[in-house]
file final-v5.cif (mmCIF, N, CA and C atoms and all ligand atoms)
data_input
#
loop_
_atom_site.label_atom_id
_atom_site.label_comp_id
_atom_site.auth_asym_id
_atom_site.auth_seq_id
_atom_site.Cartn_x
_atom_site.Cartn_y
_atom_site.Cartn_z
N MET A 1 4.65 18.81 -18.47
CA MET A 1 5.80 17.92 -18.21
C MET A 1 7.08 18.60 -18.66
N GLN A 2 8.09 18.56 -17.78
CA GLN A 2 9.40 19.06 -18.14
C GLN A 2 10.41 17.94 -17.92
N ALA A 3 11.63 18.17 -18.34
CA ALA A 3 12.66 17.14 -18.18
C ALA A 3 13.95 17.80 -17.73
N ILE A 4 14.79 17.01 -17.08
CA ILE A 4 16.09 17.50 -16.69
C ILE A 4 17.13 16.42 -16.99
N SER A 5 18.26 16.86 -17.53
CA SER A 5 19.35 15.93 -17.82
C SER A 5 20.34 15.95 -16.65
N VAL A 6 20.65 14.77 -16.18
CA VAL A 6 21.53 14.59 -15.03
C VAL A 6 22.61 13.59 -15.42
N GLN A 7 23.84 13.85 -15.01
CA GLN A 7 24.92 12.92 -15.31
C GLN A 7 24.77 11.64 -14.49
N GLN A 8 25.17 10.52 -15.10
CA GLN A 8 25.36 9.31 -14.31
C GLN A 8 26.62 9.48 -13.47
N PRO A 9 26.72 8.89 -12.30
CA PRO A 9 25.76 7.96 -11.69
C PRO A 9 24.66 8.65 -10.87
N TRP A 10 24.59 9.99 -10.96
CA TRP A 10 23.60 10.70 -10.15
C TRP A 10 22.18 10.41 -10.61
N ALA A 11 21.98 10.27 -11.91
CA ALA A 11 20.64 9.98 -12.43
C ALA A 11 20.16 8.63 -11.89
N PHE A 12 21.07 7.66 -11.89
CA PHE A 12 20.75 6.33 -11.35
C PHE A 12 20.37 6.44 -9.87
N ALA A 13 21.12 7.25 -9.13
CA ALA A 13 20.85 7.40 -7.69
C ALA A 13 19.45 7.98 -7.46
N ILE A 14 19.00 8.85 -8.38
CA ILE A 14 17.63 9.36 -8.28
C ILE A 14 16.64 8.23 -8.57
N ALA A 15 16.89 7.51 -9.67
CA ALA A 15 15.93 6.49 -10.12
C ALA A 15 15.84 5.31 -9.15
N ARG A 16 16.98 4.89 -8.62
CA ARG A 16 17.01 3.65 -7.85
C ARG A 16 17.45 3.83 -6.40
N GLY A 17 18.19 4.89 -6.12
CA GLY A 17 18.91 4.94 -4.85
C GLY A 17 18.36 5.89 -3.82
N GLY A 18 17.15 6.40 -4.04
CA GLY A 18 16.55 7.26 -3.04
C GLY A 18 17.13 8.66 -2.97
N LYS A 19 17.84 9.07 -4.03
CA LYS A 19 18.37 10.44 -4.05
C LYS A 19 17.21 11.40 -4.32
N SER A 20 16.85 12.17 -3.33
CA SER A 20 15.65 13.00 -3.46
C SER A 20 15.98 14.48 -3.67
N VAL A 21 17.27 14.79 -3.76
CA VAL A 21 17.68 16.17 -4.02
C VAL A 21 18.61 16.17 -5.23
N SER A 22 18.31 17.00 -6.22
CA SER A 22 19.21 17.19 -7.35
C SER A 22 19.85 18.57 -7.22
N ASN A 23 21.18 18.62 -7.26
CA ASN A 23 21.90 19.88 -7.11
C ASN A 23 22.05 20.56 -8.46
N GLN A 24 21.45 21.73 -8.59
CA GLN A 24 21.46 22.42 -9.87
C GLN A 24 22.03 23.81 -9.70
N GLY A 25 22.63 24.31 -10.76
CA GLY A 25 23.19 25.66 -10.73
C GLY A 25 22.14 26.75 -10.88
N MET A 26 20.94 26.34 -11.32
CA MET A 26 19.90 27.32 -11.62
C MET A 26 18.63 27.02 -10.82
N PRO A 27 17.88 28.06 -10.47
CA PRO A 27 16.56 27.82 -9.87
C PRO A 27 15.54 27.57 -10.97
N THR A 28 14.34 27.21 -10.59
CA THR A 28 13.25 27.13 -11.56
C THR A 28 11.94 27.42 -10.84
N ALA A 29 11.02 28.01 -11.55
CA ALA A 29 9.69 28.25 -10.99
C ALA A 29 8.77 27.06 -11.28
N TYR A 30 9.27 26.12 -12.10
CA TYR A 30 8.43 24.98 -12.48
C TYR A 30 8.22 24.03 -11.29
N ARG A 31 6.98 23.57 -11.12
CA ARG A 31 6.67 22.50 -10.17
C ARG A 31 5.78 21.51 -10.88
N GLY A 32 6.04 20.24 -10.65
CA GLY A 32 5.21 19.24 -11.28
C GLY A 32 6.04 18.08 -11.77
N PRO A 33 5.47 17.26 -12.65
CA PRO A 33 6.17 16.05 -13.09
C PRO A 33 7.41 16.39 -13.92
N LEU A 34 8.44 15.61 -13.71
CA LEU A 34 9.75 15.86 -14.30
C LEU A 34 10.32 14.54 -14.79
N LEU A 35 10.69 14.51 -16.07
CA LEU A 35 11.42 13.34 -16.58
C LEU A 35 12.87 13.45 -16.13
N VAL A 36 13.42 12.37 -15.63
CA VAL A 36 14.84 12.33 -15.27
C VAL A 36 15.59 11.65 -16.41
N HIS A 37 16.45 12.43 -17.07
CA HIS A 37 17.18 11.97 -18.24
C HIS A 37 18.66 11.83 -17.89
N ALA A 38 19.23 10.68 -18.20
CA ALA A 38 20.67 10.48 -17.98
C ALA A 38 21.41 11.07 -19.17
N SER A 39 22.22 12.07 -18.92
CA SER A 39 22.90 12.76 -20.03
C SER A 39 24.04 11.90 -20.59
N MET A 40 24.63 12.35 -21.68
CA MET A 40 25.67 11.57 -22.36
C MET A 40 27.00 11.60 -21.60
N ARG A 41 27.15 12.60 -20.73
CA ARG A 41 28.39 12.69 -19.97
C ARG A 41 28.25 11.96 -18.64
N VAL A 42 29.34 11.32 -18.22
CA VAL A 42 29.34 10.57 -16.96
C VAL A 42 30.32 11.25 -16.00
N ASP A 43 29.89 11.38 -14.77
CA ASP A 43 30.76 11.91 -13.71
C ASP A 43 31.56 10.73 -13.14
N LEU A 44 32.68 10.42 -13.81
CA LEU A 44 33.43 9.20 -13.48
C LEU A 44 33.93 9.20 -12.03
N LYS A 45 34.34 10.38 -11.56
CA LYS A 45 34.85 10.46 -10.19
C LYS A 45 33.79 10.02 -9.18
N ALA A 46 32.55 10.37 -9.49
CA ALA A 46 31.47 10.13 -8.53
C ALA A 46 31.15 8.65 -8.37
N CYS A 47 31.51 7.83 -9.38
CA CYS A 47 31.13 6.42 -9.34
C CYS A 47 31.70 5.69 -8.13
N ASP A 48 32.83 6.18 -7.61
CA ASP A 48 33.45 5.53 -6.45
C ASP A 48 33.05 6.19 -5.13
N SER A 49 32.24 7.23 -5.18
CA SER A 49 31.93 7.95 -3.94
C SER A 49 31.07 7.07 -3.02
N PRO A 50 31.27 7.19 -1.70
CA PRO A 50 30.50 6.38 -0.75
C PRO A 50 29.00 6.56 -0.91
N LEU A 51 28.56 7.78 -1.22
CA LEU A 51 27.12 8.02 -1.40
C LEU A 51 26.56 7.19 -2.54
N ILE A 52 27.30 7.19 -3.65
CA ILE A 52 26.84 6.46 -4.83
C ILE A 52 26.90 4.95 -4.59
N GLN A 53 27.94 4.51 -3.90
CA GLN A 53 28.03 3.08 -3.57
C GLN A 53 26.86 2.68 -2.67
N ALA A 54 26.56 3.54 -1.68
CA ALA A 54 25.46 3.25 -0.75
C ALA A 54 24.11 3.26 -1.47
N ALA A 55 24.04 3.99 -2.59
CA ALA A 55 22.79 4.05 -3.36
C ALA A 55 22.61 2.81 -4.23
N GLY A 56 23.58 1.89 -4.17
CA GLY A 56 23.45 0.64 -4.92
C GLY A 56 23.86 0.76 -6.38
N TRP A 57 24.77 1.68 -6.67
CA TRP A 57 25.23 1.88 -8.05
C TRP A 57 25.66 0.56 -8.67
N ASP A 58 25.07 0.25 -9.83
CA ASP A 58 25.38 -0.99 -10.53
C ASP A 58 25.46 -0.68 -12.02
N PRO A 59 26.69 -0.63 -12.56
CA PRO A 59 26.85 -0.26 -13.98
C PRO A 59 26.14 -1.22 -14.93
N ARG A 60 25.80 -2.43 -14.45
CA ARG A 60 25.12 -3.40 -15.33
C ARG A 60 23.61 -3.22 -15.33
N ASP A 61 23.11 -2.38 -14.41
CA ASP A 61 21.67 -2.12 -14.37
C ASP A 61 21.25 -1.38 -15.64
N PRO A 62 20.15 -1.76 -16.27
CA PRO A 62 19.71 -1.05 -17.49
C PRO A 62 19.57 0.46 -17.28
N LEU A 63 19.20 0.86 -16.07
CA LEU A 63 19.01 2.29 -15.81
C LEU A 63 20.33 3.02 -15.54
N ALA A 64 21.45 2.31 -15.62
CA ALA A 64 22.76 2.96 -15.51
C ALA A 64 23.22 3.48 -16.88
N THR A 65 22.33 3.42 -17.85
CA THR A 65 22.66 3.83 -19.22
C THR A 65 22.83 5.35 -19.34
N ILE A 66 23.30 5.78 -20.51
CA ILE A 66 23.39 7.21 -20.80
C ILE A 66 22.53 7.54 -22.02
N GLY A 67 22.15 8.82 -22.12
CA GLY A 67 21.36 9.28 -23.26
C GLY A 67 19.95 8.71 -23.29
N ALA A 68 19.31 8.64 -22.13
CA ALA A 68 17.97 8.07 -22.07
C ALA A 68 17.22 8.59 -20.86
N VAL A 69 15.90 8.60 -20.99
CA VAL A 69 15.04 8.89 -19.84
C VAL A 69 14.95 7.62 -19.01
N ILE A 70 15.14 7.75 -17.69
CA ILE A 70 15.14 6.55 -16.85
C ILE A 70 14.13 6.61 -15.71
N ALA A 71 13.54 7.78 -15.45
CA ALA A 71 12.59 7.88 -14.34
C ALA A 71 11.71 9.10 -14.51
N VAL A 72 10.64 9.13 -13.74
CA VAL A 72 9.78 10.30 -13.63
C VAL A 72 9.68 10.63 -12.14
N ALA A 73 9.72 11.91 -11.84
CA ALA A 73 9.58 12.34 -10.44
C ALA A 73 8.72 13.59 -10.41
N ASP A 74 8.33 13.99 -9.21
CA ASP A 74 7.63 15.26 -9.04
C ASP A 74 8.59 16.27 -8.43
N LEU A 75 8.72 17.39 -9.09
CA LEU A 75 9.53 18.49 -8.54
C LEU A 75 8.62 19.32 -7.66
N ASP A 76 8.85 19.28 -6.35
CA ASP A 76 7.89 19.99 -5.51
C ASP A 76 8.47 21.12 -4.67
N HIS A 77 9.77 21.32 -4.72
CA HIS A 77 10.34 22.38 -3.91
C HIS A 77 11.76 22.65 -4.39
N VAL A 78 12.18 23.90 -4.39
CA VAL A 78 13.57 24.23 -4.75
C VAL A 78 14.13 25.19 -3.71
N CYS A 79 15.28 24.85 -3.11
CA CYS A 79 15.97 25.75 -2.17
C CYS A 79 16.95 26.62 -2.95
N SER A 80 17.13 27.81 -2.50
CA SER A 80 18.17 28.64 -3.11
C SER A 80 19.43 28.54 -2.24
N PRO A 81 20.60 28.81 -2.85
CA PRO A 81 21.86 28.66 -2.10
C PRO A 81 21.92 29.54 -0.85
N THR A 82 21.12 30.60 -0.81
CA THR A 82 21.14 31.48 0.35
C THR A 82 20.21 31.00 1.46
N ASP A 83 19.36 29.99 1.15
CA ASP A 83 18.50 29.44 2.20
C ASP A 83 19.36 28.72 3.23
N ILE A 84 18.95 28.81 4.47
CA ILE A 84 19.57 27.96 5.49
C ILE A 84 18.71 26.72 5.56
N CYS A 85 19.22 25.63 5.00
CA CYS A 85 18.41 24.43 4.89
C CYS A 85 19.20 23.22 5.35
N ASP A 86 18.47 22.17 5.62
CA ASP A 86 19.10 20.92 6.04
C ASP A 86 18.51 19.83 5.17
N CYS A 87 19.07 19.71 3.97
CA CYS A 87 18.46 18.86 2.96
C CYS A 87 19.12 17.48 2.86
N GLY A 88 19.93 17.13 3.84
CA GLY A 88 20.46 15.78 3.89
C GLY A 88 21.74 15.58 3.09
N PRO A 89 22.21 14.34 3.04
CA PRO A 89 23.55 14.05 2.50
C PRO A 89 23.69 14.33 1.00
N TRP A 90 22.58 14.32 0.25
CA TRP A 90 22.69 14.52 -1.19
C TRP A 90 22.84 15.98 -1.57
N ALA A 91 22.53 16.87 -0.65
CA ALA A 91 22.52 18.30 -0.97
C ALA A 91 23.92 18.89 -0.88
N GLU A 92 24.32 19.61 -1.91
CA GLU A 92 25.63 20.27 -1.91
C GLU A 92 25.44 21.74 -1.54
N PRO A 93 26.32 22.24 -0.66
CA PRO A 93 26.23 23.65 -0.31
C PRO A 93 26.44 24.53 -1.54
N GLY A 94 25.79 25.66 -1.57
CA GLY A 94 26.01 26.60 -2.67
C GLY A 94 25.25 26.27 -3.94
N MET A 95 24.40 25.25 -3.89
CA MET A 95 23.63 24.86 -5.07
C MET A 95 22.13 25.06 -4.79
N HIS A 96 21.37 25.09 -5.88
CA HIS A 96 19.92 25.05 -5.75
C HIS A 96 19.53 23.59 -5.55
N HIS A 97 18.77 23.33 -4.51
CA HIS A 97 18.35 21.95 -4.22
C HIS A 97 16.97 21.71 -4.80
N TRP A 98 16.92 20.92 -5.84
CA TRP A 98 15.64 20.57 -6.45
C TRP A 98 15.14 19.31 -5.75
N HIS A 99 14.03 19.45 -5.04
CA HIS A 99 13.49 18.33 -4.26
C HIS A 99 12.53 17.49 -5.09
N LEU A 100 12.86 16.22 -5.19
CA LEU A 100 12.09 15.29 -6.01
C LEU A 100 11.35 14.31 -5.12
N SER A 101 10.08 14.10 -5.41
CA SER A 101 9.31 13.10 -4.68
C SER A 101 8.64 12.16 -5.67
N GLU A 102 8.04 11.10 -5.15
CA GLU A 102 7.30 10.15 -5.98
C GLU A 102 8.12 9.70 -7.19
N VAL A 103 9.35 9.30 -6.95
CA VAL A 103 10.20 8.86 -8.05
C VAL A 103 9.73 7.50 -8.57
N ARG A 104 9.46 7.45 -9.87
CA ARG A 104 9.04 6.21 -10.52
C ARG A 104 10.11 5.83 -11.54
N ALA A 105 10.87 4.77 -11.25
CA ALA A 105 11.87 4.30 -12.20
C ALA A 105 11.17 3.66 -13.39
N LEU A 106 11.65 3.93 -14.60
CA LEU A 106 11.06 3.30 -15.77
C LEU A 106 11.44 1.82 -15.81
N PRO A 107 10.53 0.97 -16.32
CA PRO A 107 10.89 -0.45 -16.48
C PRO A 107 12.09 -0.62 -17.41
N ARG A 108 12.19 0.21 -18.42
CA ARG A 108 13.34 0.20 -19.33
C ARG A 108 13.66 1.64 -19.69
N PRO A 109 14.94 1.93 -19.98
CA PRO A 109 15.27 3.31 -20.40
C PRO A 109 14.68 3.62 -21.77
N ILE A 110 14.36 4.88 -22.01
CA ILE A 110 13.88 5.32 -23.32
C ILE A 110 14.91 6.30 -23.88
N VAL A 111 15.54 5.92 -24.98
CA VAL A 111 16.60 6.73 -25.58
C VAL A 111 16.05 8.09 -26.00
N ALA A 112 16.75 9.15 -25.61
CA ALA A 112 16.33 10.50 -25.97
C ALA A 112 17.52 11.44 -25.89
N LEU A 113 17.46 12.49 -26.70
CA LEU A 113 18.48 13.53 -26.61
C LEU A 113 18.11 14.48 -25.49
N GLY A 114 19.10 14.84 -24.69
CA GLY A 114 18.84 15.78 -23.61
C GLY A 114 19.39 17.15 -23.92
N ARG A 115 19.28 18.02 -22.95
CA ARG A 115 19.78 19.38 -23.05
C ARG A 115 20.23 19.80 -21.66
N PRO A 116 21.13 20.75 -21.57
CA PRO A 116 21.50 21.21 -20.23
C PRO A 116 20.30 21.90 -19.57
N GLY A 117 20.21 21.76 -18.27
CA GLY A 117 19.14 22.43 -17.52
C GLY A 117 17.79 21.81 -17.76
N LEU A 118 16.76 22.62 -17.54
CA LEU A 118 15.39 22.15 -17.71
C LEU A 118 14.99 22.25 -19.17
N TRP A 119 14.35 21.23 -19.70
CA TRP A 119 13.91 21.28 -21.10
C TRP A 119 12.55 20.63 -21.24
N GLU A 120 11.91 20.99 -22.34
CA GLU A 120 10.56 20.49 -22.58
C GLU A 120 10.63 19.27 -23.49
N PRO A 121 10.18 18.11 -22.98
CA PRO A 121 10.25 16.91 -23.83
C PRO A 121 9.23 16.98 -24.96
N LYS A 122 9.58 16.35 -26.07
CA LYS A 122 8.63 16.24 -27.18
C LYS A 122 7.42 15.44 -26.74
N PRO A 123 6.24 15.77 -27.30
CA PRO A 123 5.04 14.99 -26.95
C PRO A 123 5.23 13.48 -27.17
N SER A 124 5.97 13.11 -28.21
CA SER A 124 6.16 11.68 -28.49
C SER A 124 6.94 11.00 -27.35
N LEU A 125 7.85 11.74 -26.74
CA LEU A 125 8.63 11.18 -25.63
C LEU A 125 7.74 11.00 -24.39
N VAL A 126 6.91 12.02 -24.13
CA VAL A 126 5.98 11.93 -22.99
C VAL A 126 5.05 10.74 -23.19
N THR A 127 4.55 10.57 -24.41
CA THR A 127 3.66 9.45 -24.72
C THR A 127 4.37 8.12 -24.50
N ALA A 128 5.63 8.03 -24.94
CA ALA A 128 6.38 6.78 -24.78
C ALA A 128 6.52 6.42 -23.30
N VAL A 129 6.79 7.43 -22.47
CA VAL A 129 6.94 7.19 -21.02
C VAL A 129 5.61 6.74 -20.42
N THR A 130 4.54 7.47 -20.76
CA THR A 130 3.22 7.15 -20.21
C THR A 130 2.79 5.74 -20.62
N THR A 131 3.01 5.43 -21.89
CA THR A 131 2.62 4.11 -22.40
C THR A 131 3.38 3.01 -21.68
N MET A 132 4.67 3.25 -21.42
CA MET A 132 5.46 2.21 -20.76
C MET A 132 4.93 1.94 -19.35
N PHE A 133 4.57 2.98 -18.63
CA PHE A 133 4.02 2.79 -17.29
C PHE A 133 2.66 2.08 -17.34
N THR A 134 1.83 2.47 -18.30
CA THR A 134 0.50 1.85 -18.42
C THR A 134 0.64 0.37 -18.72
N THR A 135 1.54 0.06 -19.66
CA THR A 135 1.76 -1.34 -20.04
C THR A 135 2.28 -2.15 -18.86
N ALA A 136 3.21 -1.56 -18.10
CA ALA A 136 3.78 -2.26 -16.95
C ALA A 136 2.70 -2.52 -15.92
N ALA A 137 1.82 -1.53 -15.70
CA ALA A 137 0.75 -1.69 -14.71
C ALA A 137 -0.20 -2.80 -15.15
N LEU A 138 -0.51 -2.85 -16.46
CA LEU A 138 -1.41 -3.89 -16.97
C LEU A 138 -0.78 -5.27 -16.80
N ASN A 139 0.52 -5.36 -17.08
CA ASN A 139 1.21 -6.64 -16.95
C ASN A 139 1.24 -7.11 -15.50
N ASN A 140 1.39 -6.13 -14.60
CA ASN A 140 1.42 -6.51 -13.18
C ASN A 140 0.05 -6.95 -12.69
N ALA A 141 -0.99 -6.43 -13.33
CA ALA A 141 -2.35 -6.72 -12.88
C ALA A 141 -2.79 -8.12 -13.30
N THR A 142 -2.16 -8.66 -14.34
CA THR A 142 -2.62 -9.97 -14.84
C THR A 142 -1.82 -11.10 -14.22
ZN ZN B 1 18.17 22.81 0.65
#

call {"tool": "encode", "arguments": {"input": "final-v5.cif", "output": "structure tokens"}}
result
Amino acid sequence: MQAISVQQPWAFAIARGGKSVSNQGMPTAYRGPLLVHASMRVDLKACDSPLIQAAGWDPRDPLATIGAVIAVADLDHVCSPTDICDCGPWAEPGMHHWHLSEVRALPRPIVALGRPGLWEPKPSLVTAVTTMFTTAALNNAT
């Protein structure tokens, strides 16, 4: 399991708004489950962008928080800026497109310190995320 810190409102758009491409300055060879962490910094300009509005941005949503893990996704493909690709409206030219699938929004955010780029979450954080999903599944089953 790895994690990536993303500024709001982009992290929210991944968790709730169907944003399946994360624009990163760096490539990665990692593929697999990825914690989506909302970093402490907010991209204020982006909050008014049509894309973010269309993604249902809601500052009152618990997952609009900062400094917390808010979703888990699978990182299954990364484009390089030199690729000729058609990755849709979320993809920015000149960036590495990290393609995320199977996005699972957390029932509640889990407060955690992030880091720039890809980072390895502490085992306790991974356990907290897994436990929250297990508990939610059990509650839904009853
Ligand atoms: Zn692409």

call {"tool": "residues_near_ligand", "arguments": {"input": "final-v5.cif", "ligand": "ligand ZN 1 (chain B)", "cutoff": "6.5 Å", "atoms": "only N, CA and C atoms and all ligand atoms", "output": "MDAnalysis selection string"}}
result
chainID A and resid 78:80 84:87 91 96:97

call {"tool": "atom_distance", "arguments": {"input": "final-v5.cif", "atom1": "CA of Gly114 (chain A)", "atom2": "CA of Met40 (chain A)"}}
result
8.1 Å

call {"tool": "residues_around", "arguments": {"input": "final-v5.cif", "residues": "Ala15 (chain A)", "least_positions_apart": "3", "cutoff": "7 Å", "atoms": "only N, CA and C atoms", "output": "list in words"}}
result
Trp10, Ala11, Phe12, Gly18, Lys19, Ile70, Ala71, Val72, Val103, Arg104, Ala105 and Leu106 of chain A

call {"tool": "residues_around", "arguments": {"input": "final-v5.cif", "residues": "Gln8 (chain A)", "least_positions_apart": "5", "cutoff": "7 Å", "atoms": "only C-alpha atoms", "output": "compact mmCIF listing (two decimals) with N, CA and C atoms, keeping the file's coordinate frame"}}
result
# COMPACT_ATOMS: atom_id res chain seq x y z
N ALA A 38 19.23 10.68 -18.20
CA ALA A 38 20.67 10.48 -17.98
C ALA A 38 21.41 11.07 -19.17
N VAL A 42 29.34 11.32 -18.22
CA VAL A 42 29.34 10.57 -16.96
C VAL A 42 30.32 11.25 -16.00
N ASP A 43 29.89 11.38 -14.77
CA ASP A 43 30.76 11.91 -13.71
C ASP A 43 31.56 10.73 -13.14
N ALA A 64 21.45 2.31 -15.62
CA ALA A 64 22.76 2.96 -15.51
C ALA A 64 23.22 3.48 -16.88

call {"tool": "select_by_dssp", "arguments": {"input": "final-v5.cif", "residues": "region 50-119 of chain A", "states": "strand (DSSP E or B)", "output": "PyMOL selection string"}}
result
chain A and resi 68-79+96-111+118-119

call {"tool": "closest_residue", "arguments": {"input": "final-v5.cif", "among": "A:Ser22, A:Gln53, A:Ser5, A:Thr134", "to": "Pro116 (chain A)", "atoms": "only N, CA and C atoms"}}
result
A:Ser5

call {"tool": "atom_distance", "arguments": {"input": "final-v5.cif", "atom1": "atom N of Thr82 (chain A)", "atom2": "atom C of Tyr30 (chain A)"}}
result
17.9 Å
